[in-house]
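Pasting data.txt here (compact mmCIF, C-alpha atoms):
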```txt
# COMPACT_ATOMS: atom_id res chain seq x y z
CA MET A 264 -4.25 -31.74 -9.24
CA SER A 265 -7.93 -32.60 -9.73
CA PRO A 266 -10.49 -30.17 -8.30
CA GLY A 267 -11.51 -32.54 -5.53
CA ALA A 268 -8.01 -33.61 -4.52
CA GLY A 269 -6.85 -30.59 -2.60
CA CYS A 270 -10.14 -29.50 -1.04
CA THR A 271 -11.37 -31.24 2.10
CA ALA A 272 -13.83 -28.77 3.65
CA LEU A 273 -16.94 -30.64 2.52
CA VAL A 274 -15.51 -34.01 3.57
CA THR A 275 -14.61 -32.62 7.00
CA ALA A 276 -18.08 -31.14 7.46
CA SER A 277 -19.75 -34.34 6.28
CA SER A 278 -18.73 -36.22 9.42
CA VAL A 279 -20.94 -33.87 11.45
CA VAL A 280 -23.81 -34.29 8.99
CA SER A 281 -23.43 -38.08 9.22
CA LYS A 282 -23.91 -38.02 12.99
CA VAL A 283 -26.92 -35.70 12.75
CA ALA A 284 -28.44 -37.86 9.99
CA ALA A 285 -27.95 -41.06 12.00
CA ALA A 286 -29.65 -39.51 15.02
CA HIS A 287 -32.69 -38.57 12.89
CA ALA A 288 -32.79 -41.56 10.52
CA ALA A 289 -35.78 -43.20 12.19
CA GLU A 290 -37.62 -39.87 12.25
CA ALA A 291 -36.95 -39.36 8.52
CA ASP A 292 -38.17 -42.89 7.83
CA ALA A 293 -41.41 -42.23 9.68
CA ALA A 294 -41.89 -38.81 8.07
CA ARG A 295 -41.04 -40.21 4.61
CA GLY A 296 -38.87 -37.18 3.94
CA PRO A 297 -35.93 -35.07 5.12
CA VAL A 298 -36.33 -33.55 8.57
CA THR A 299 -35.48 -29.91 9.17
CA THR A 300 -32.47 -30.56 11.39
CA VAL A 301 -30.84 -32.73 8.74
CA VAL A 302 -31.68 -30.34 5.90
CA ASP A 303 -30.07 -27.51 7.85
CA ALA A 304 -26.96 -29.61 8.51
CA VAL A 305 -26.64 -30.57 4.83
CA VAL A 306 -26.91 -26.96 3.69
CA GLU A 307 -24.58 -25.65 6.39
CA ALA A 308 -21.96 -28.24 5.42
CA GLY A 309 -21.90 -26.86 1.88
CA PHE A 310 -23.57 -29.53 -0.24
CA ALA A 311 -26.01 -27.12 -1.93
CA ARG A 312 -23.24 -24.70 -2.89
CA HIS A 313 -20.62 -27.34 -3.71
CA MET A 314 -21.00 -27.12 -7.49
CA VAL A 315 -22.53 -23.67 -7.78
CA PRO A 316 -20.33 -21.40 -9.94
CA ALA A 317 -17.87 -19.23 -8.04
CA ALA A 318 -19.40 -16.16 -9.68
CA HIS A 319 -22.53 -16.82 -7.60
CA GLY A 320 -20.67 -17.51 -4.37
CA GLY A 321 -20.41 -21.27 -4.82
CA ALA A 322 -17.44 -23.58 -4.36
CA ALA A 323 -17.35 -24.91 -7.96
CA GLY A 324 -15.99 -28.04 -6.29
CA GLY A 325 -14.96 -31.44 -7.53
CA PHE A 326 -16.59 -34.84 -7.81
CA GLY A 327 -13.89 -36.61 -5.81
CA GLU A 328 -14.66 -34.58 -2.72
CA LEU A 329 -18.40 -34.95 -3.29
CA VAL A 330 -18.26 -38.75 -3.49
CA ARG A 331 -16.26 -38.98 -0.27
CA ALA A 332 -18.54 -36.55 1.55
CA VAL A 333 -21.76 -38.21 0.38
CA ALA A 334 -20.45 -41.65 1.34
CA GLU A 335 -19.62 -40.33 4.81
CA VAL A 336 -23.18 -39.01 5.24
CA GLY A 337 -24.45 -42.35 3.92
CA ARG A 338 -22.82 -44.11 6.85
CA GLY A 339 -25.30 -42.26 9.03
CA CYS A 340 -28.34 -42.37 6.76
CA ALA A 341 -28.58 -43.25 3.07
CA SER A 342 -31.65 -41.05 2.57
CA ALA A 343 -29.84 -38.01 3.97
CA ALA A 344 -26.87 -38.79 1.74
CA TRP A 345 -29.16 -39.03 -1.29
CA PHE A 346 -30.63 -35.63 -0.49
CA ALA A 347 -27.16 -34.12 0.01
CA SER A 348 -25.85 -35.65 -3.21
CA LEU A 349 -28.76 -34.43 -5.32
CA CYS A 350 -28.54 -30.94 -3.80
CA ALA A 351 -25.04 -30.72 -5.25
CA ALA A 352 -25.90 -32.47 -8.53
CA VAL A 353 -28.94 -30.33 -9.37
CA GLY A 354 -27.00 -27.22 -8.38
CA ARG A 355 -24.42 -28.22 -10.98
CA MET A 356 -27.17 -28.61 -13.58
CA ALA A 357 -28.54 -25.14 -12.83
CA ALA A 358 -25.14 -23.72 -13.82
CA TYR A 359 -26.19 -24.45 -17.42
CA LEU A 360 -28.95 -21.80 -17.27
CA PRO A 361 -28.43 -18.49 -19.06
CA ALA A 362 -26.72 -15.80 -16.98
CA GLU A 363 -29.95 -14.04 -16.01
CA GLY A 364 -31.48 -17.32 -14.90
CA ARG A 365 -28.47 -18.22 -12.78
CA ALA A 366 -28.57 -14.81 -11.14
CA GLU A 367 -32.25 -15.29 -10.29
CA VAL A 368 -31.85 -18.81 -8.86
CA TRP A 369 -28.96 -17.74 -6.61
CA ALA A 370 -30.16 -14.19 -5.91
CA ASP A 371 -30.26 -14.94 -2.16
CA GLY A 372 -26.95 -16.80 -2.16
CA PRO A 373 -25.49 -20.15 -3.25
CA ASP A 374 -27.22 -22.25 -0.58
CA ALA A 375 -30.58 -22.42 -2.34
CA VAL A 376 -31.92 -25.99 -2.23
CA LEU A 377 -32.57 -27.22 -5.76
CA VAL A 378 -34.39 -30.44 -6.60
CA GLY A 379 -34.87 -32.11 -9.95
CA GLY A 380 -37.65 -33.67 -11.99
CA LEU A 381 -35.39 -35.44 -14.46
CA LEU A 382 -38.00 -37.36 -16.42
CA PRO A 383 -39.44 -35.43 -19.41
CA ALA A 384 -42.88 -35.46 -17.82
CA GLY A 385 -44.00 -31.96 -18.74
CA THR A 386 -44.99 -30.00 -21.80
CA ALA A 387 -43.85 -26.45 -22.52
CA GLU A 388 -45.85 -24.20 -24.84
CA PRO A 389 -43.85 -21.35 -26.40
CA VAL A 390 -45.24 -17.91 -25.55
CA ALA A 391 -43.92 -14.36 -25.74
CA GLY A 392 -40.85 -14.11 -23.52
CA GLY A 393 -40.68 -17.76 -22.55
CA TRP A 394 -42.81 -20.85 -21.95
CA ARG A 395 -46.02 -22.08 -20.36
CA LEU A 396 -45.13 -25.26 -18.47
CA SER A 397 -47.53 -27.98 -17.32
CA GLY A 398 -46.98 -31.51 -16.10
CA ARG A 399 -46.56 -33.95 -13.26
CA TRP A 400 -43.11 -35.22 -12.31
CA PRO A 401 -42.64 -38.35 -10.16
CA TYR A 402 -39.77 -39.08 -7.77
CA VAL A 403 -38.67 -35.51 -7.00
CA SER A 404 -36.44 -36.17 -4.00
CA GLY A 405 -36.60 -33.51 -1.28
CA VAL A 406 -39.34 -31.57 -3.04
CA ALA A 407 -41.00 -30.49 0.21
CA VAL A 408 -37.90 -28.53 1.31
CA ALA A 409 -36.95 -27.11 -2.10
CA ASP A 410 -36.38 -23.47 -2.94
CA TRP A 411 -36.34 -24.24 -6.67
CA ALA A 412 -37.17 -27.19 -8.90
CA LEU A 413 -35.44 -27.95 -12.20
CA LEU A 414 -37.95 -29.81 -14.35
CA CYS A 415 -37.54 -31.58 -17.68
CA GLY A 416 -40.20 -31.13 -20.33
CA LYS A 417 -40.78 -31.46 -24.05
CA THR A 418 -41.48 -28.31 -26.05
CA ALA A 419 -44.71 -28.14 -28.04
CA GLU A 420 -43.10 -26.97 -31.26
CA GLU A 421 -42.98 -28.17 -34.84
CA THR A 422 -39.61 -29.69 -33.96
CA PRO A 423 -39.90 -30.57 -30.25
CA SER A 424 -36.87 -30.52 -27.98
CA ALA A 425 -36.22 -31.42 -24.36
CA LYS A 426 -35.47 -28.58 -21.98
CA PHE A 427 -35.09 -28.06 -18.26
CA PHE A 428 -37.08 -25.28 -16.62
CA ALA A 429 -36.30 -23.65 -13.26
CA VAL A 430 -39.41 -22.88 -11.21
CA PRO A 431 -39.50 -21.44 -7.66
CA LYS A 432 -41.36 -22.90 -4.69
CA GLY A 433 -44.90 -21.67 -4.50
CA THR A 434 -45.55 -22.29 -8.18
CA PHE A 435 -45.96 -26.05 -7.91
CA GLU A 436 -48.03 -28.56 -5.94
CA ILE A 437 -46.55 -31.48 -3.99
CA ILE A 438 -48.47 -34.75 -4.29
CA ASP A 439 -47.94 -37.35 -1.55
CA THR A 440 -46.88 -40.43 -3.50
CA TRP A 441 -43.73 -41.68 -1.72
CA HIS A 442 -44.66 -44.91 0.11
CA THR A 443 -41.66 -47.20 -0.29
CA VAL A 444 -39.72 -50.02 1.35
CA GLY A 445 -36.32 -48.36 1.07
CA MET A 446 -35.00 -44.78 0.94
CA ARG A 447 -38.10 -43.62 2.78
CA GLY A 448 -36.43 -40.50 4.13
CA THR A 449 -35.77 -38.97 0.70
CA GLY A 450 -39.31 -37.61 0.41
CA SER A 451 -39.36 -38.35 -3.32
CA HIS A 452 -42.95 -37.27 -3.85
CA SER A 453 -44.51 -36.10 -7.11
CA LEU A 454 -44.58 -32.48 -8.25
CA ALA A 455 -47.32 -30.96 -10.39
CA LEU A 456 -47.89 -27.59 -11.98
CA GLU A 457 -50.33 -26.22 -14.52
CA ASP A 458 -49.77 -23.43 -17.04
CA VAL A 459 -46.90 -21.78 -15.15
CA PHE A 460 -45.01 -19.08 -17.03
CA VAL A 461 -41.24 -19.69 -17.17
CA PRO A 462 -39.19 -16.87 -18.71
CA ALA A 463 -36.73 -17.85 -21.43
CA HIS A 464 -33.74 -17.14 -19.17
CA ARG A 465 -34.88 -19.91 -16.81
CA ALA A 466 -34.75 -22.63 -19.47
CA LEU A 467 -31.79 -24.67 -20.67
CA ASP A 468 -31.34 -27.20 -23.44
CA THR A 469 -30.94 -30.81 -22.35
CA ALA A 470 -28.47 -31.24 -25.21
CA ASP A 471 -26.09 -28.81 -23.47
CA LEU A 472 -26.27 -30.86 -20.26
CA MET A 473 -25.59 -34.05 -22.15
CA ALA A 474 -22.62 -32.53 -23.96
CA GLY A 475 -21.23 -30.75 -20.91
CA THR A 476 -21.20 -27.31 -22.47
CA ALA A 477 -22.27 -24.88 -19.75
CA PRO A 478 -22.28 -21.20 -20.69
CA ASP A 479 -19.43 -19.22 -19.16
CA ALA A 480 -17.98 -22.40 -17.65
CA ALA A 481 -14.97 -21.52 -15.52
CA ALA A 482 -14.64 -24.78 -13.56
CA ALA A 483 -14.07 -28.37 -14.62
CA CYS A 484 -17.28 -29.53 -12.95
CA HIS A 485 -19.30 -27.47 -15.45
CA SER A 486 -17.66 -29.08 -18.49
CA VAL A 487 -18.64 -32.67 -17.77
CA PRO A 488 -21.30 -34.52 -19.83
CA LEU A 489 -24.28 -35.46 -17.66
CA LYS A 490 -23.93 -39.21 -18.21
CA ALA A 491 -20.32 -39.11 -17.05
CA ALA A 492 -21.36 -37.69 -13.69
CA ASN A 493 -24.92 -38.51 -12.71
CA GLY A 494 -24.29 -42.18 -11.85
CA MET A 495 -21.81 -41.42 -9.08
CA THR A 496 -24.14 -39.00 -7.33
CA LEU A 497 -26.71 -41.83 -7.17
CA ALA A 498 -24.21 -44.53 -6.19
CA ALA A 499 -22.27 -42.70 -3.47
CA PRO A 500 -25.07 -42.96 -0.85
CA ALA A 501 -25.06 -46.75 -1.32
CA LEU A 502 -21.31 -46.83 -0.69
CA GLY A 503 -21.79 -45.17 2.70
CA ALA A 504 -24.74 -47.39 3.58
CA GLY A 505 -22.76 -50.49 2.62
CA SER A 506 -19.93 -49.48 4.93
CA ALA A 507 -22.40 -48.92 7.78
CA VAL A 508 -23.98 -52.33 7.20
CA LEU A 509 -20.57 -54.00 7.30
CA ALA A 510 -19.70 -52.28 10.59
CA ARG A 511 -23.02 -53.26 12.17
CA TRP A 512 -22.69 -56.86 10.94
CA SER A 513 -19.19 -57.07 12.40
CA ASP A 514 -20.49 -55.95 15.80
CA LEU A 515 -23.32 -58.48 15.73
CA LEU A 516 -21.13 -61.39 14.67
CA SER A 517 -18.39 -60.50 17.16
CA ALA A 518 -21.00 -60.65 19.91
CA LYS A 519 -22.27 -63.98 18.60
CA LEU A 520 -18.77 -65.45 18.58
CA ALA A 521 -18.19 -64.23 22.13
CA LYS A 522 -21.34 -66.04 23.31
CA GLN A 523 -20.60 -69.30 21.50
CA GLY A 524 -21.42 -72.31 23.65
CA GLN A 525 -23.27 -70.35 26.36
CA THR A 526 -26.70 -71.78 25.46
CA VAL A 527 -27.88 -75.35 25.14
CA ILE A 528 -29.81 -75.01 21.88
CA SER A 529 -27.26 -73.06 19.87
CA GLY A 530 -25.01 -75.23 17.80
CA PRO A 531 -21.37 -74.54 16.93
CA VAL A 532 -20.76 -71.32 15.02
CA ASP A 533 -19.49 -71.79 11.48
CA ARG A 534 -16.38 -69.63 11.83
CA THR A 535 -15.20 -70.34 8.30
CA GLY A 536 -18.52 -69.18 6.90
CA ILE A 537 -18.33 -66.00 8.97
CA ASP A 538 -14.80 -65.29 7.82
CA LEU A 539 -15.66 -65.82 4.15
CA THR A 540 -18.80 -63.69 4.37
CA PHE A 541 -16.87 -60.84 5.97
CA ALA A 542 -13.89 -61.02 3.62
CA ARG A 543 -15.93 -61.22 0.43
CA SER A 544 -18.39 -58.51 1.45
CA ALA A 545 -15.65 -56.16 2.66
CA GLY A 546 -13.75 -56.76 -0.57
CA GLU A 547 -16.78 -55.97 -2.71
CA ILE A 548 -17.41 -52.75 -0.80
CA ASP A 549 -13.75 -51.81 -1.30
CA LEU A 550 -14.04 -52.56 -5.02
CA ALA A 551 -17.12 -50.36 -5.29
CA GLU A 552 -15.22 -47.53 -3.61
CA LEU A 553 -12.31 -47.93 -6.03
CA LEU A 554 -14.65 -47.84 -9.01
CA LEU A 555 -16.44 -44.70 -7.82
CA THR A 556 -13.12 -43.04 -7.03
CA ARG A 557 -12.00 -43.62 -10.60
CA VAL A 558 -15.30 -42.34 -11.95
CA ALA A 559 -14.84 -39.15 -9.94
CA GLU A 560 -11.24 -38.74 -11.12
CA VAL A 561 -12.38 -38.99 -14.74
CA ALA A 562 -15.15 -36.43 -14.17
CA ASP A 563 -12.75 -34.08 -12.38
CA SER A 564 -10.53 -34.02 -15.44
CA GLY A 565 -13.12 -31.78 -17.13
CA ALA A 566 -14.02 -32.66 -20.71
CA VAL A 567 -14.66 -36.42 -20.87
CA PRO A 568 -14.43 -38.36 -24.17
CA PRO A 569 -17.32 -40.67 -25.16
CA GLU A 570 -15.49 -43.89 -24.26
CA LEU A 571 -14.92 -42.67 -20.70
CA VAL A 572 -18.49 -41.41 -20.41
CA ALA A 573 -19.63 -44.94 -21.23
CA ARG A 574 -17.09 -46.50 -18.86
CA ASN A 575 -18.24 -44.22 -16.05
CA GLN A 576 -21.82 -45.35 -16.60
CA ARG A 577 -20.72 -48.98 -16.49
CA ASP A 578 -18.58 -48.48 -13.39
CA CYS A 579 -21.34 -46.78 -11.40
CA ALA A 580 -23.82 -49.55 -12.19
CA LEU A 581 -21.23 -52.22 -11.40
CA ALA A 582 -20.32 -50.55 -8.11
CA VAL A 583 -23.94 -50.57 -6.96
CA GLU A 584 -24.36 -54.16 -8.09
CA LEU A 585 -21.35 -55.11 -5.93
CA LEU A 586 -22.70 -53.12 -2.97
CA SER A 587 -26.15 -54.65 -3.28
CA GLY A 588 -24.73 -58.17 -3.36
CA ALA A 589 -22.49 -57.54 -0.37
CA VAL A 590 -25.25 -55.97 1.73
CA ASP A 591 -27.71 -58.74 0.87
CA ARG A 592 -25.17 -61.40 1.91
CA LEU A 593 -24.48 -59.62 5.19
CA PHE A 594 -28.18 -59.20 5.95
CA ARG A 595 -29.00 -62.85 5.30
CA SER A 596 -26.22 -64.03 7.61
CA ALA A 597 -26.72 -61.57 10.48
CA GLY A 598 -29.49 -63.32 12.37
CA SER A 599 -32.85 -62.20 13.72
CA THR A 600 -31.58 -59.12 15.55
CA ALA A 601 -30.69 -57.43 12.27
CA GLN A 602 -34.22 -57.90 10.94
CA ASP A 603 -35.75 -55.37 13.32
CA GLU A 604 -36.94 -52.58 11.02
CA GLY A 605 -35.16 -49.96 13.12
CA ASP A 606 -31.81 -51.71 13.04
CA VAL A 607 -28.98 -50.07 11.08
CA LEU A 608 -28.46 -53.28 9.14
CA ALA A 609 -32.13 -53.67 8.19
CA ARG A 610 -32.41 -50.05 7.11
CA GLY A 611 -29.18 -50.27 5.13
CA TRP A 612 -30.40 -53.42 3.39
CA ARG A 613 -33.67 -51.72 2.40
CA ASP A 614 -31.94 -48.55 1.30
CA VAL A 615 -29.23 -50.17 -0.80
CA ALA A 616 -31.85 -52.35 -2.49
CA GLY A 617 -33.84 -49.20 -3.23
CA ILE A 618 -30.83 -47.44 -4.74
CA ALA A 619 -29.93 -50.51 -6.79
CA GLY A 620 -33.38 -50.43 -8.36
CA HIS A 621 -32.92 -46.91 -9.72
CA SER A 622 -33.25 -46.77 -13.51
CA GLY A 623 -30.01 -44.81 -13.80
CA LEU A 624 -27.99 -47.60 -12.17
CA GLN A 625 -29.00 -50.67 -14.16
CA PHE A 626 -25.96 -52.64 -15.26
CA THR A 627 -27.46 -53.86 -18.52
CA ALA A 628 -27.88 -50.34 -19.87
CA GLY A 629 -24.44 -49.19 -18.73
CA ALA A 630 -22.67 -52.33 -19.89
CA THR A 631 -24.37 -52.32 -23.28
CA ALA A 632 -23.50 -48.68 -23.95
CA TYR A 633 -19.87 -49.32 -22.98
CA ALA A 634 -19.47 -52.59 -24.91
CA ARG A 635 -21.06 -51.32 -28.11
CA LEU A 636 -18.90 -48.22 -28.12
CA VAL A 637 -15.66 -50.10 -27.46
CA LEU A 638 -16.36 -53.15 -29.63
CA SER A 639 -17.45 -51.00 -32.55
CA GLY A 640 -14.16 -49.13 -32.40
CA GLY A 641 -15.74 -45.88 -31.18
```

Just give me the structure of the file as structure tokens.
Amino acid sequence: MSPGAGCTALVTASSVVSKVAAAHAAEADAARGPVTTVVDAVVEAGFARHMVPAAHGGAAGGFGELVRAVAEVGRGCASAAWFASLCAAVGRMAAYLPAEGRAEVWADGPDAVLVGGLLPAGTAEPVAGGWRLSGRWPYVSGVAVADWALLCGKTAEETPSAKFFAVPKGTFEIIDTWHTVGMRGTGSHSLALEDVFVPAHRALDTADLMAGTAPDAAAACHSVPLKAANGMTLAAPALGAGSAVLARWSDLLSAKLAKQGQTVISGPVDRTGIDLTFARSAGEIDLAELLLTRVAEVADSGAVPPELVARNQRDCALAVELLSGAVDRLFRSAGSTAQDEGDVLARGWRDVAGIAGHSGLQFTAGATAYARLVLSGG
């Protein structure tokens, strides 16, 4: 049985988080970041600890459960789901730190909120006992509520390498840069720090993340190459948002059908067009769910061969492409009511479009990597 198949605690708890997130979605939009009530609900549900090693009190859980739980939260608010998903994903990445670093990050327990600066936007100078890290990282989702940040930087050595460095809150500055159309509630502001000492035990090689070789790995989730897993944590919030958009559209169109013929100026409703829009959009959302379920099953198997790493990348990008197309079709056919900026459908449309624009979910890159690997014979 895969790690996520027999464990339902996170999925069960996610239904509560979804309701809390929905109730505070407008507030998060206005604040341009996660609100305290939602952050507390996400942590209490177990997202932060979901992929923390058991040795540090974590659940060392599976991707299948995570995808289902994140999608459930996404039905309430895609931004909250994004925050929840990345809490788990960056926690998994921190499991690749040396033992002393892991012990320091989770010294107060496995519910520490970790955020990530995944672009190699910093420079690390080697010094006695560790590194001096400086840089500015954009798009650090949830940075204002973080306990730790895991930041990617290039080493200033004769042969440079890319590493991730764990730095605690209080050592970095938050720069207000997140002014977006979609995913407003993620609070993906920039992070900056200057000449901060990072001990060697709080640094990990990016090559280990890419290969899926965590030190002392005792769970399947810590033996998965990064590119086999990171796409689903970005795509799962869009799956939940797409489902919420479909439900809201169905309510609006059912009401419109019920009122058909009650006004003089409204013409006959195109029932065939409504039926086709619903069936195609619902089918595409179902297909996206099937793709992400398979991606999670592959990741939950543990070590993933290169051809399945590439297929997972392709499938995540394709799933989001399907979701974006379905949501756009539903939005365009829903009428003026759905265009109110506070409407579930309008917010879902903005959020799914925002997720679909993420650099890690572009179909061309995923498809090219997959095709070239398969067509070249591996």

Residues at most 6 Å from stretch 487-492 of chain A, counting all atoms listed in the file, excluding those fewer than 6 positions away in the same chain, as a list of chain:residue names?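 In the requested format, the answer is A:Leu472, A:Met473, A:Ala474, A:Gly475, A:Gly565, A:Ala566, A:Val572, A:Asn575.
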
Counting only C-alpha atoms, what is within 7 Å of stretch 394-407 of chain A, bar same-chain residues fewer than 6 positions away, as a PyMOL selection string? chain A and resi 296-297+346+378-380+382+384-388+449-463

Restricting the calculation to only C-alpha atoms, which member of A:Phe428, A:Tyr633, A:Trp345, A:Phe435 is positioned closest to A:Ala573?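 Distance minimum relative to A:Ala573 lands on A:Tyr633.
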
Could you jot down the atom CA of A:Val558 to atom CA of A:Ala632 separation for me, Å, one decimal place? 15.9 Å

Just to confirm, what's the straight-line distance from atom CA of A:Val444 to atom CA of A:Ser544 in Å (one decimal)? 23.0 Å
